[in-house]
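Asks: What follows is the file target31.txt, containing compact mmCIF, C-alpha atoms:
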```txt
# COMPACT_ATOMS: atom_id res chain seq x y z
CA MET Y 1 37.45 14.33 -6.65
CA LYS Y 2 35.97 11.61 -8.81
CA ARG Y 3 38.01 9.05 -7.00
CA GLU Y 4 36.83 10.31 -3.64
CA MET Y 5 33.20 10.21 -4.77
CA ARG Y 6 33.63 6.64 -5.96
CA ARG Y 7 35.10 5.72 -2.63
CA LYS Y 8 32.30 7.41 -0.71
CA GLY Y 9 29.43 6.39 -3.00
CA PRO Y 10 29.19 2.64 -2.41
CA ARG Y 11 29.36 3.20 1.35
CA THR Y 12 26.39 5.50 1.18
CA LEU Y 13 24.38 3.04 -0.88
CA THR Y 14 25.36 0.20 1.43
CA ALA Y 15 24.27 2.27 4.42
CA HIS Y 16 20.92 3.07 2.81
CA LEU Y 17 20.37 -0.56 1.84
CA GLY Y 18 21.51 -1.86 5.21
CA ARG Y 19 19.16 0.49 6.99
CA PHE Y 20 16.31 -0.38 4.63
CA VAL Y 21 16.78 -4.13 5.16
CA LEU Y 22 17.17 -3.78 8.93
CA VAL Y 23 14.12 -1.54 9.40
CA PHE Y 24 12.11 -3.85 7.11
CA VAL Y 25 13.06 -6.95 9.12
CA VAL Y 26 12.39 -5.28 12.51
CA SER Y 27 9.04 -3.83 11.33
CA LEU Y 28 8.10 -7.16 9.79
CA ALA Y 29 8.84 -9.02 13.02
CA VAL Y 30 6.79 -6.57 15.10
CA LEU Y 31 3.86 -6.45 12.66
CA ALA Y 32 3.91 -10.22 12.07
CA ALA Y 33 3.59 -10.72 15.82
CA LEU Y 34 0.48 -8.53 15.67
CA TRP Y 35 -0.94 -10.42 12.67
CA THR Y 36 -2.99 -12.79 14.82
CA VAL Y 37 -4.75 -9.73 16.29
CA ILE Y 38 -5.10 -7.81 13.02
CA ALA Y 39 -6.02 -10.75 10.74
CA PRO Y 40 -9.59 -11.49 11.98
CA THR Y 41 -10.63 -7.81 11.67
CA TYR Y 42 -9.02 -7.45 8.24
CA THR Y 43 -10.58 -10.74 7.08
CA ARG Y 44 -14.03 -9.56 8.26
CA LEU Y 45 -13.50 -6.31 6.32
CA VAL Y 46 -12.55 -8.21 3.14
CA GLY Y 47 -15.61 -10.44 3.64
CA ALA Y 48 -17.94 -7.48 4.19
CA LEU Y 49 -16.76 -5.83 0.98
CA SER Y 50 -16.72 -9.08 -1.04
CA ARG Y 51 -20.34 -10.05 -0.32
CA PRO Y 52 -21.97 -7.19 -2.27
CA LEU Y 53 -19.49 -7.75 -5.09
CA PHE Y 54 -20.50 -11.43 -5.30
CA ARG Y 55 -24.14 -10.37 -5.51
CA LEU Y 56 -23.19 -7.91 -8.23
CA VAL Y 57 -21.39 -10.40 -10.47
CA GLU Y 58 -23.69 -13.39 -9.86
CA SER Y 59 -27.17 -13.71 -11.18
CA PRO Y 60 -28.77 -15.48 -9.36
CA ASN Y 61 -26.57 -15.23 -6.29
CA ALA Y 62 -24.75 -18.56 -5.80
CA THR Y 63 -22.19 -17.76 -3.11
CA VAL Y 64 -22.33 -17.45 0.64
CA LEU Y 65 -19.19 -16.03 2.26
CA SER Y 66 -18.44 -16.65 5.90
CA THR Y 67 -15.44 -15.46 7.91
CA GLN Y 68 -14.26 -17.59 10.79
CA GLY Y 69 -11.45 -15.86 12.62
CA ALA Y 70 -8.78 -15.18 10.03
CA GLU Y 71 -10.19 -17.72 7.58
CA THR Y 72 -12.66 -17.04 4.80
CA TRP Y 73 -15.04 -19.84 3.83
CA ILE Y 74 -16.93 -19.91 0.57
CA TYR Y 75 -20.16 -21.90 0.38
CA ARG Y 76 -22.17 -22.52 -2.74
CA ILE Y 77 -25.95 -22.40 -2.72
CA VAL Y 78 -27.00 -25.85 -3.95
CA GLY Y 79 -30.72 -25.76 -3.27
CA ALA Y 80 -33.47 -23.95 -1.41
CA HIS Y 81 -31.97 -23.07 2.01
CA GLU Y 82 -29.12 -25.45 1.34
CA ILE Y 83 -25.43 -24.62 0.99
CA ALA Y 84 -22.31 -26.74 0.46
CA PRO Y 85 -18.71 -25.81 1.27
CA PHE Y 86 -16.83 -24.88 -1.91
CA THR Y 87 -13.43 -23.50 -0.96
CA TRP Y 88 -11.59 -21.55 1.71
CA PHE Y 89 -8.87 -18.94 2.03
CA ASP Y 90 -6.43 -19.62 4.85
CA ARG Y 91 -5.24 -17.17 7.50
CA TYR Y 92 -2.21 -16.17 5.43
CA THR Y 93 -4.13 -15.16 2.29
CA PHE Y 94 -4.12 -11.49 3.25
CA PHE Y 95 -0.74 -11.49 4.99
CA ALA Y 96 0.76 -9.26 2.25
CA LEU Y 97 -0.55 -6.36 4.33
CA ILE Y 98 2.34 -6.89 6.75
CA PRO Y 99 5.25 -6.79 4.24
CA LEU Y 100 3.57 -3.78 2.58
CA LEU Y 101 3.52 -1.86 5.87
CA ALA Y 102 7.09 -3.00 6.63
CA LEU Y 103 8.20 -1.71 3.20
CA VAL Y 104 6.55 1.68 3.87
CA ALA Y 105 8.17 1.82 7.32
CA ALA Y 106 11.60 1.05 5.83
CA THR Y 107 11.43 3.56 2.96
CA PRO Y 108 13.98 6.32 3.55
CA GLY Y 109 13.21 10.02 3.25
CA LEU Y 110 9.60 10.01 4.45
CA GLY Y 111 8.41 12.00 7.43
CA TRP Y 112 6.14 10.39 10.02
CA ARG Y 113 2.96 12.00 8.76
CA ARG Y 114 3.57 11.07 5.14
CA ARG Y 115 4.63 7.60 6.18
CA ILE Y 116 1.35 7.11 8.06
CA VAL Y 117 -0.71 8.56 5.19
CA ARG Y 118 1.05 6.29 2.69
CA GLY Y 119 0.59 3.32 5.01
CA MET Y 120 -3.15 3.98 5.26
CA THR Y 121 -3.43 4.51 1.50
CA GLY Y 122 -1.55 1.25 0.99
CA ILE Y 123 -3.94 -0.62 3.29
CA GLY Y 124 -6.90 0.77 1.31
CA ALA Y 125 -5.39 -0.17 -2.04
CA LEU Y 126 -4.44 -3.66 -0.85
CA LEU Y 127 -7.93 -4.15 0.59
CA VAL Y 128 -9.39 -3.47 -2.86
CA VAL Y 129 -6.93 -5.97 -4.42
CA HIS Y 130 -7.82 -8.61 -1.81
CA VAL Y 131 -11.57 -8.17 -2.35
CA LEU Y 132 -11.08 -8.48 -6.11
CA TYR Y 133 -8.82 -11.51 -5.57
CA VAL Y 134 -11.40 -13.36 -3.46
CA VAL Y 135 -14.28 -12.68 -5.86
CA SER Y 136 -12.39 -13.27 -9.11
CA SER Y 137 -10.65 -16.44 -7.96
CA VAL Y 138 -13.96 -17.96 -6.78
CA GLU Y 139 -15.73 -16.97 -10.01
CA LEU Y 140 -12.84 -18.36 -12.10
CA SER Y 141 -13.02 -21.62 -10.14
CA TYR Y 142 -16.76 -21.82 -10.84
CA ALA Y 143 -16.04 -21.32 -14.54
CA ALA Y 144 -13.24 -23.91 -14.55
CA MET Y 145 -15.59 -26.47 -12.96
CA GLY Y 146 -18.44 -25.67 -15.33
CA LEU Y 147 -20.55 -24.14 -12.56
CA ARG Y 148 -20.67 -20.84 -14.38
CA THR Y 149 -21.08 -20.37 -18.11
CA VAL Y 150 -18.51 -18.22 -19.87
CA GLY Y 151 -17.86 -17.38 -23.51
CA PRO Y 152 -15.69 -19.67 -25.70
CA LEU Y 153 -12.71 -17.29 -25.62
CA ALA Y 154 -12.86 -16.94 -21.83
CA ALA Y 155 -13.18 -20.73 -21.52
CA ARG Y 156 -10.04 -21.25 -23.60
CA THR Y 157 -8.04 -18.70 -21.60
CA LEU Y 158 -9.29 -19.58 -18.11
CA ASP Y 159 -5.91 -20.87 -16.88
CA ILE Y 160 -4.22 -17.67 -18.08
CA TRP Y 161 -6.75 -15.55 -16.17
CA GLN Y 162 -6.19 -17.64 -13.07
CA ILE Y 163 -2.45 -17.03 -13.32
CA VAL Y 164 -3.01 -13.31 -13.94
CA VAL Y 165 -5.16 -13.09 -10.79
CA ARG Y 166 -2.49 -14.96 -8.85
CA VAL Y 167 0.27 -12.67 -10.19
CA LEU Y 168 -1.71 -9.55 -9.26
CA TRP Y 169 -2.37 -10.93 -5.78
CA GLU Y 170 1.33 -11.72 -5.29
CA ALA Y 171 2.67 -8.54 -6.89
CA ALA Y 172 0.17 -6.19 -5.23
CA PRO Y 173 2.20 -5.24 -2.11
CA ILE Y 174 5.29 -4.37 -4.14
CA VAL Y 175 3.39 -2.52 -6.88
CA ILE Y 176 1.41 -0.50 -4.32
CA TRP Y 177 4.57 0.27 -2.35
CA VAL Y 178 6.42 1.40 -5.48
CA ALA Y 179 3.49 3.64 -6.45
CA LEU Y 180 3.35 5.16 -2.97
CA THR Y 181 7.08 5.72 -2.45
CA PHE Y 182 8.30 6.39 -5.97
CA GLY Y 183 9.04 10.04 -5.16
CA ALA Y 184 11.11 9.19 -2.09
CA TRP Y 185 13.28 6.76 -4.05
CA ARG Y 186 13.66 9.19 -6.94
CA ARG Y 187 14.97 11.80 -4.51
CA LEU Y 188 17.36 9.31 -2.94
CA PHE Y 189 18.71 8.24 -6.34
CA ALA Y 190 19.05 11.89 -7.35
CA ARG Y 191 21.14 12.49 -4.22
CA LEU Y 192 23.26 9.44 -5.01
CA ARG Y 193 23.70 10.72 -8.57
CA SER Y 194 24.63 14.24 -7.58
CA GLY Y 195 26.97 12.95 -4.89
CA ASP Y 196 26.12 15.91 -2.64
CA SER Y 197 25.23 15.43 0.99
CA ALA Y 198 26.68 11.95 0.72
CA GLY Y 199 28.39 12.32 4.05
CA ALA Y 200 25.32 13.73 5.77
CA ASP Y 201 23.10 11.05 4.28
CA ALA Y 202 25.55 8.38 5.28
CA ARG Y 203 25.53 9.69 8.83
CA ARG Y 204 21.72 9.86 8.86
CA SER Y 205 21.62 6.33 7.51
CA SER Y 206 24.06 4.93 10.01
CA TRP Y 207 23.40 1.54 11.48
CA THR Y 208 22.86 3.04 14.92
CA GLY Y 209 19.76 4.81 13.68
CA ALA Y 210 18.44 1.78 11.91
CA LEU Y 211 16.69 0.07 14.78
CA GLY Y 212 13.43 1.79 14.11
CA THR Y 213 11.77 4.37 12.00
CA LEU Y 214 12.28 6.82 14.88
CA GLY Y 215 15.66 7.52 13.35
CA TRP Y 216 14.16 8.85 10.12
CA LYS Y 217 14.30 12.58 9.67
CA LYS Y 218 11.60 14.33 7.69
CA LYS Y 219 13.39 14.86 4.41
CA GLU Y 220 10.52 14.85 1.99
CA GLY Y 221 9.99 18.09 0.20
CA THR Y 222 13.58 19.24 0.61
CA PRO Y 223 15.33 20.16 -2.62
CA MET Q 1 15.99 31.04 -16.88
CA THR Q 2 12.43 32.11 -17.77
CA GLU Q 3 9.39 30.18 -16.60
CA ARG Q 4 8.63 29.24 -20.21
CA THR Q 5 12.05 27.71 -20.76
CA LYS Q 6 11.68 25.74 -17.53
CA ALA Q 7 8.27 24.44 -18.62
CA GLU Q 8 9.64 23.52 -22.04
CA ARG Q 9 12.49 21.62 -20.46
CA THR Q 10 10.16 19.75 -18.14
CA GLU Q 11 7.90 18.94 -21.06
CA ARG Q 12 10.86 17.68 -23.10
CA LYS Q 13 12.04 15.60 -20.13
CA ARG Q 14 8.64 13.98 -19.67
CA ALA Q 15 7.94 13.29 -23.34
CA PRO Q 16 8.20 9.52 -23.97
CA THR Q 17 11.34 8.68 -25.91
CA PRO Q 18 11.52 5.69 -28.31
CA ARG Q 19 13.80 3.98 -25.76
CA MET Q 20 11.19 4.45 -23.04
CA VAL Q 21 8.41 3.09 -25.27
CA LEU Q 22 10.58 0.11 -26.24
CA SER Q 23 11.41 -0.55 -22.57
CA ILE Q 24 7.73 -0.56 -21.58
CA ALA Q 25 6.87 -2.81 -24.55
CA LEU Q 26 9.65 -5.20 -23.55
CA ALA Q 27 8.43 -5.20 -19.93
CA ALA Q 28 4.91 -6.06 -21.12
CA ALA Q 29 6.37 -8.81 -23.34
CA VAL Q 30 8.29 -10.26 -20.37
CA VAL Q 31 5.12 -10.37 -18.25
CA LEU Q 32 3.18 -12.03 -21.08
CA LEU Q 33 5.99 -14.53 -21.66
CA LEU Q 34 6.17 -15.46 -17.97
CA VAL Q 35 2.38 -15.79 -17.72
CA LEU Q 36 2.46 -18.11 -20.75
CA LEU Q 37 5.37 -20.02 -19.21
CA ALA Q 38 3.43 -20.39 -15.95
CA THR Q 39 0.39 -21.78 -17.77
CA HIS Q 40 2.32 -24.12 -20.06
CA GLU Q 41 2.54 -27.40 -18.19
CA GLY Q 42 5.59 -28.68 -20.05
CA ALA Q 43 7.61 -25.47 -19.75
CA ILE Q 44 6.83 -24.76 -16.11
CA GLY Q 45 7.42 -28.47 -15.40
CA VAL Q 46 11.03 -28.04 -16.57
CA VAL Q 47 11.50 -25.10 -14.16
CA GLN Q 48 9.91 -27.03 -11.30
CA ARG Q 49 12.10 -30.07 -11.94
CA ALA Q 50 15.20 -27.86 -12.20
CA TYR Q 51 14.48 -26.37 -8.77
CA ALA Q 52 13.74 -29.82 -7.36
CA THR Q 53 17.04 -31.15 -8.78
CA VAL Q 54 19.13 -28.29 -7.35
CA THR Q 55 17.38 -28.52 -3.96
CA HIS Q 56 17.94 -32.29 -3.94
CA GLY Q 57 21.63 -31.70 -4.78
CA VAL Q 58 22.05 -29.17 -1.96
CA LEU Q 59 20.28 -31.42 0.55
CA ARG Q 60 22.43 -34.39 -0.50
CA GLY Q 61 25.47 -32.16 -0.09
CA LEU Q 62 24.29 -31.34 3.42
CA GLY Q 63 24.10 -35.04 4.19
CA HIS Q 64 20.40 -35.76 3.73
CA ASP Q 65 19.33 -38.98 2.11
CA THR Q 66 16.82 -37.44 -0.29
CA ALA Q 67 15.42 -38.84 -3.51
CA ILE Q 68 13.89 -36.96 -6.41
CA LEU Q 69 10.82 -37.85 -8.43
CA GLY Q 70 9.88 -35.21 -10.98
CA ASN Q 71 9.20 -32.05 -9.01
CA VAL Q 72 9.11 -33.88 -5.64
CA VAL Q 73 12.10 -34.03 -3.29
CA ARG Q 74 11.58 -36.46 -0.47
CA SER Q 75 13.26 -38.47 2.21
CA SER Q 76 11.92 -40.81 4.87
CA ASP Q 77 11.44 -37.74 7.10
CA PHE Q 78 9.77 -35.21 4.85
CA GLY Q 79 8.94 -34.29 1.26
CA ILE Q 80 8.51 -31.05 -0.67
CA THR Q 81 6.71 -30.56 -3.97
CA VAL Q 82 7.88 -27.66 -6.13
CA VAL Q 83 4.74 -26.13 -7.66
CA THR Q 84 4.49 -23.05 -9.91
CA ALA Q 85 4.21 -20.62 -6.99
CA CYS Q 86 7.41 -22.12 -5.51
CA THR Q 87 9.50 -21.22 -8.55
CA GLY Q 88 9.77 -17.51 -7.73
CA ILE Q 89 8.53 -16.81 -11.24
CA PHE Q 90 6.24 -13.98 -10.10
CA ALA Q 91 8.96 -12.21 -8.11
CA THR Q 92 11.31 -12.63 -11.08
CA ALA Q 93 8.72 -11.13 -13.45
CA LEU Q 94 8.27 -8.13 -11.19
CA PHE Q 95 12.02 -7.66 -10.91
CA LEU Q 96 12.51 -7.81 -14.67
CA VAL Q 97 9.74 -5.27 -15.23
CA ALA Q 98 11.36 -2.91 -12.70
CA VAL Q 99 14.76 -3.34 -14.42
CA LEU Q 100 13.34 -2.79 -17.91
CA VAL Q 101 11.44 0.39 -17.06
CA PHE Q 102 14.40 1.94 -15.18
CA PRO Q 103 16.00 4.61 -17.40
CA THR Q 104 19.51 3.30 -18.08
CA ALA Q 105 21.66 1.69 -20.80
CA TRP Q 106 20.63 -1.67 -22.28
CA LYS Q 107 23.86 -3.27 -21.11
CA ALA Q 108 23.07 -2.27 -17.52
CA LYS Q 109 19.53 -3.63 -17.92
CA LEU Q 110 20.94 -6.91 -19.20
CA LEU Q 111 23.26 -7.13 -16.20
CA GLY Q 112 20.36 -6.23 -13.90
CA GLY Q 113 18.22 -8.96 -15.46
CA ILE Q 114 20.94 -11.57 -14.96
CA LEU Q 115 21.50 -10.38 -11.37
CA GLY Q 116 17.77 -10.59 -10.63
CA ILE Q 117 17.13 -13.98 -12.22
CA GLY Q 118 20.25 -15.47 -10.61
CA GLY Q 119 19.74 -13.78 -7.24
CA ILE Q 120 16.08 -14.70 -6.91
CA ALA Q 121 16.87 -18.29 -8.00
CA VAL Q 122 19.54 -18.58 -5.29
CA VAL Q 123 17.19 -17.15 -2.65
CA ASN Q 124 14.50 -19.54 -3.82
CA VAL Q 125 16.77 -22.57 -3.45
CA ILE Q 126 17.67 -21.37 0.07
CA ARG Q 127 13.92 -21.07 0.71
CA LEU Q 128 13.26 -24.65 -0.44
CA VAL Q 129 16.16 -26.05 1.58
CA THR Q 130 15.12 -24.20 4.77
CA LEU Q 131 11.51 -25.31 4.27
CA TYR Q 132 12.75 -28.89 4.11
CA TYR Q 133 14.63 -28.36 7.38
CA VAL Q 134 11.59 -26.77 9.03
CA GLY Q 135 9.44 -29.64 7.74
CA VAL Q 136 11.78 -32.20 9.29
CA HIS Q 137 12.57 -30.48 12.60
CA TRP Q 138 9.64 -28.12 13.24
CA PRO Q 139 6.63 -29.30 11.22
CA ALA Q 140 4.16 -27.28 13.30
CA ALA Q 141 5.78 -24.07 12.06
CA LEU Q 142 5.94 -25.09 8.40
CA ASP Q 143 2.82 -23.17 7.31
CA ALA Q 144 3.89 -19.99 9.05
CA VAL Q 145 7.47 -20.15 7.75
CA HIS Q 146 6.31 -21.04 4.25
CA GLN Q 147 3.64 -18.38 3.84
CA LEU Q 148 4.56 -15.77 6.40
CA VAL Q 149 8.34 -15.61 6.64
CA TRP Q 150 9.37 -16.62 3.14
CA GLN Q 151 6.70 -14.63 1.34
CA SER Q 152 8.12 -11.52 3.01
CA LEU Q 153 11.75 -12.50 2.53
CA LEU Q 154 11.22 -13.15 -1.17
CA ILE Q 155 9.67 -9.68 -1.50
CA LEU Q 156 12.57 -8.21 0.45
CA SER Q 157 15.22 -9.96 -1.63
CA ALA Q 158 13.63 -8.87 -4.94
CA VAL Q 159 13.33 -5.28 -3.73
CA ALA Q 160 16.83 -5.21 -2.18
CA LEU Q 161 18.42 -6.64 -5.34
CA TRP Q 162 16.69 -4.02 -7.45
CA LEU Q 163 17.70 -1.19 -5.10
CA LEU Q 164 21.28 -2.45 -5.13
CA TRP Q 165 21.33 -2.49 -8.92
CA ALA Q 166 19.54 0.86 -9.40
CA GLY Q 167 21.54 2.51 -6.60
CA ARG Q 168 24.84 1.41 -8.15
CA ILE Q 169 23.77 2.90 -11.48
CA ALA Q 170 22.79 6.17 -9.79
CA GLU Q 171 26.12 6.27 -7.95
CA ARG Q 172 28.11 5.52 -11.08
CA ARG Q 173 26.36 8.37 -12.87
CA GLY Q 174 27.24 10.63 -9.95
CA ALA Q 175 30.86 9.53 -10.01
CA GLU Q 176 31.12 10.07 -13.77
CA ARG Q 177 30.04 13.73 -13.44
```
Would it be possible to restate this file's structure as structure tokens?
Replies:
Amino acid sequence: MKREMRRKGPRTLTAHLGRFVLVFVVSLAVLAALWTVIAPTYTRLVGALSRPLFRLVESPNATVLSTQGAETWIYRIVGAHEIAPFTWFDRYTFFALIPLLALVAATPGLGWRRRIVRGMTGIGALLVVHVLYVVSSVELSYAAMGLRTVGPLAARTLDIWQIVVRVLWEAAPIVIWVALTFGAWRRLFARLRSGDSAGADARRSSWTGALGTLGWKKKEGTP
Amino acid sequence: MTERTKAERTERKRAPTPRMVLSIALAAAVVLLLVLLATHEGAIGVVQRAYATVTHGVLRGLGHDTAILGNVVRSSDFGITVVTACTGIFATALFLVAVLVFPTAWKAKLLGGILGIGGIAVVNVIRLVTLYYVGVHWPAALDAVHQLVWQSLLILSAVALWLLWAGRIAERRGAER
């Protein structure tokens, strides 16, 4: 029995992983092709939410944010009715949205409705991270260049804060995805541990069903 | 089984064990260590130069006449500079945190850590080599491949490696029952 389970087990895991990777790659390709359409709207949304936050953290307000297509430009107010370009965020700054959605699409054991809800929640959470990233990285740059006064401790640890902001920006899609799909993975691992329904799961996870999330059965909530 | 016994069991299951607390503390220490490594010019410089050296070696092996200068690999056609973000240090940190907080034996965590560090390093070298090729043969697509394709593939490889490791552990536990 044990021997048979060992023989079956790795195949099941391989099937799950294969399906996960394949659905991720297909979803990524489709969504990445749509990025040029999505990016300007998403960038405008990040810009619209960042502006009030800049006003909140700056006194007096020193930043003017402008979105041009999928790019975000930051200008600094240098005099009365006078601004100068300070920095810019390129069209790939917010691209993490696409791998996040591809990860949600590839997660096994989620029904369509829950997948959509988690996808929307993920977009919301990532939007918050991106707004915080834009504002904090600009403010940290001001501080590093002496354009904003900070305390002695903050001044000494500026480079660490910049790295922390960068790490959070880079890790955000994975962290959000883990938080949103933790339950689904826990159930999958529990099934792998118990060894039951290995055959059925392997069949459900077959490569033939991997060419899209259409193949996913609603399994969430089942014991 | 009464409802009370069930609740007690659930409570006992969810109560943090010393191992869990130690795992979380170690994960926090790993993040702190890697943040310090990333901000320490000398230390991160060693990592950057190591990646540049390996990439240079691979490209030479593939017949390219590249030269190396610190963290820069260049030829007459194209050059790449390995900066902190190109070292995969952030993906590695995330992987190590996921391994450390996963409830399993320390030996398995050690193996997982080695698998992750090694696996992500290999993927990263492949990334640098392919970026060199794209830079030489398809420079117009370099930005997209660099930030769009490889950002996603690095995420995928870190996640897939972790799932492979955690899935194997789950399966082994199942087989041992």
Asks: Closest to Ala91 (chain Q) among Q:Val125, Q:Val136, Q:Ala38, Q:Ile155, using all atoms listed in the file?
Replies: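 Selected residue with least distance to Ala91 (chain Q): Q:Ile155.
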Asks: Can you tell me how far CA of Val72 (chain Q) sits from CA of Asp143 (chain Q), in Å to one decimal?
Replies: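 CA of Asp143 (chain Q) lies at a distance of 17.9 Å from CA of Val72 (chain Q).
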Asks: Please identify every residue of chain Q that has at least one atom no more than 8 Å from any atom of chain Y, counting all atoms listed in the file, and report them as an MDAnalysis selection string.
Replies: chainID Q and resid 35:36 38:39 90:91 94 147:148 152 155:156 160 163:164 167:168 170:177
Asks: Any chance you could export the current selection's C-alpha atoms as an mmCIF file, in the coordinates of the input?
Replies:
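Writing done, so here's part-v1.cif:
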```cif
data_model
loop_
_atom_site.group_PDB
_atom_site.id
_atom_site.type_symbol
_atom_site.label_atom_id
_atom_site.label_comp_id
_atom_site.auth_asym_id
_atom_site.auth_seq_id
_atom_site.Cartn_x
_atom_site.Cartn_y
_atom_site.Cartn_z
ATOM 1 C CA VAL Q 35 2.380 -15.790 -17.720
ATOM 2 C CA LEU Q 36 2.460 -18.110 -20.750
ATOM 3 C CA ALA Q 38 3.430 -20.390 -15.950
ATOM 4 C CA THR Q 39 0.390 -21.780 -17.770
ATOM 5 C CA PHE Q 90 6.240 -13.980 -10.100
ATOM 6 C CA ALA Q 91 8.960 -12.210 -8.110
ATOM 7 C CA LEU Q 94 8.270 -8.130 -11.190
ATOM 8 C CA GLN Q 147 3.640 -18.380 3.840
ATOM 9 C CA LEU Q 148 4.560 -15.770 6.400
ATOM 10 C CA SER Q 152 8.120 -11.520 3.010
ATOM 11 C CA ILE Q 155 9.670 -9.680 -1.500
ATOM 12 C CA LEU Q 156 12.570 -8.210 0.450
ATOM 13 C CA ALA Q 160 16.830 -5.210 -2.180
ATOM 14 C CA LEU Q 163 17.700 -1.190 -5.100
ATOM 15 C CA LEU Q 164 21.280 -2.450 -5.130
ATOM 16 C CA GLY Q 167 21.540 2.510 -6.600
ATOM 17 C CA ARG Q 168 24.840 1.410 -8.150
ATOM 18 C CA ALA Q 170 22.790 6.170 -9.790
ATOM 19 C CA GLU Q 171 26.120 6.270 -7.950
ATOM 20 C CA ARG Q 172 28.110 5.520 -11.080
ATOM 21 C CA ARG Q 173 26.360 8.370 -12.870
ATOM 22 C CA GLY Q 174 27.240 10.630 -9.950
ATOM 23 C CA ALA Q 175 30.860 9.530 -10.010
ATOM 24 C CA GLU Q 176 31.120 10.070 -13.770
ATOM 25 C CA ARG Q 177 30.040 13.730 -13.440
#
```
Asks: Kindly indicate which residue among Q:Ile117, Q:Ala93, Q:Val46, Q:Leu59 lies nearest to Asn71 (chain Q), using only C-alpha atoms for the distances.
Replies: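 Of all the options, Q:Val46 lies closest to Asn71 (chain Q).
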Asks: Rank nothing, just name the residue among Y:Leu132, Y:Gly119, Y:Phe94, Y:Gln68 nearest to Arg51 (chain Y), using only C-alpha atoms.
Replies: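 Ranked by minimum distance to Arg51 (chain Y), first place goes to Y:Leu132.
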Asks: Do you know which residues lie at most 12 Å from (16.7, -23.8, 1.7), with coordinates as in the file and only C-alpha atoms counted, and could you write them as a PyMOL selection string?
Replies: chain Q and resi 51-52+54-59+62+80+86+121-135+145-146+150
Asks: Select, counting only C-alpha atoms, all protein, DNA and RNA residues no farther than 12 Å from (22.8, -9.2, -13.9) in file coordinates, and express the selection as a tab-separated table (two decimals) with C-alpha atoms, keeping the file's coordinate frame.
Replies:
```
chain	number	residue	atom	x	y	z
Q	95	PHE	CA	12.02	-7.66	-10.91
Q	96	LEU	CA	12.51	-7.81	-14.67
Q	99	VAL	CA	14.76	-3.34	-14.42
Q	106	TRP	CA	20.63	-1.67	-22.28
Q	107	LYS	CA	23.86	-3.27	-21.11
Q	108	ALA	CA	23.07	-2.27	-17.52
Q	109	LYS	CA	19.53	-3.63	-17.92
Q	110	LEU	CA	20.94	-6.91	-19.20
Q	111	LEU	CA	23.26	-7.13	-16.20
Q	112	GLY	CA	20.36	-6.23	-13.90
Q	113	GLY	CA	18.22	-8.96	-15.46
Q	114	ILE	CA	20.94	-11.57	-14.96
Q	115	LEU	CA	21.50	-10.38	-11.37
Q	116	GLY	CA	17.77	-10.59	-10.63
Q	117	ILE	CA	17.13	-13.98	-12.22
Q	118	GLY	CA	20.25	-15.47	-10.61
Q	119	GLY	CA	19.74	-13.78	-7.24
Q	120	ILE	CA	16.08	-14.70	-6.91
Q	161	LEU	CA	18.42	-6.64	-5.34
Q	162	TRP	CA	16.69	-4.02	-7.45
Q	164	LEU	CA	21.28	-2.45	-5.13
Q	165	TRP	CA	21.33	-2.49	-8.92
Q	166	ALA	CA	19.54	0.86	-9.40
```
Asks: Residues near Ile77 (chain Y), anyone? I mean within 12 Å using only C-alpha atoms, not counting same-chain ones fewer than 5 positions away, as a PyMOL selection string.
Replies: chain Y and resi 58+60-65+82-86+147
Asks: Could you please determine the separation between CA of Gly69 (chain Y) and CA of Thr41 (chain Y) in Å, to one decimal place?
Replies: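 CA of Thr41 (chain Y) lies at a distance of 8.1 Å from CA of Gly69 (chain Y).
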Asks: For Leu180 (chain Y), which residue out of Y:Leu126, Y:Ile116, Y:Val165, Y:Val104 is the nearest one, using only C-alpha atoms?
Replies: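 Among the listed residues, the smallest separation from Leu180 (chain Y) belongs to Y:Val104.
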Asks: Would you work out the distance separating CA of Ala85 (chain Q) from CA of Leu127 (chain Y), expressed in Å to one decimal?
Replies: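 Separating CA of Ala85 (chain Q) from CA of Leu127 (chain Y) is a distance of 21.8 Å.
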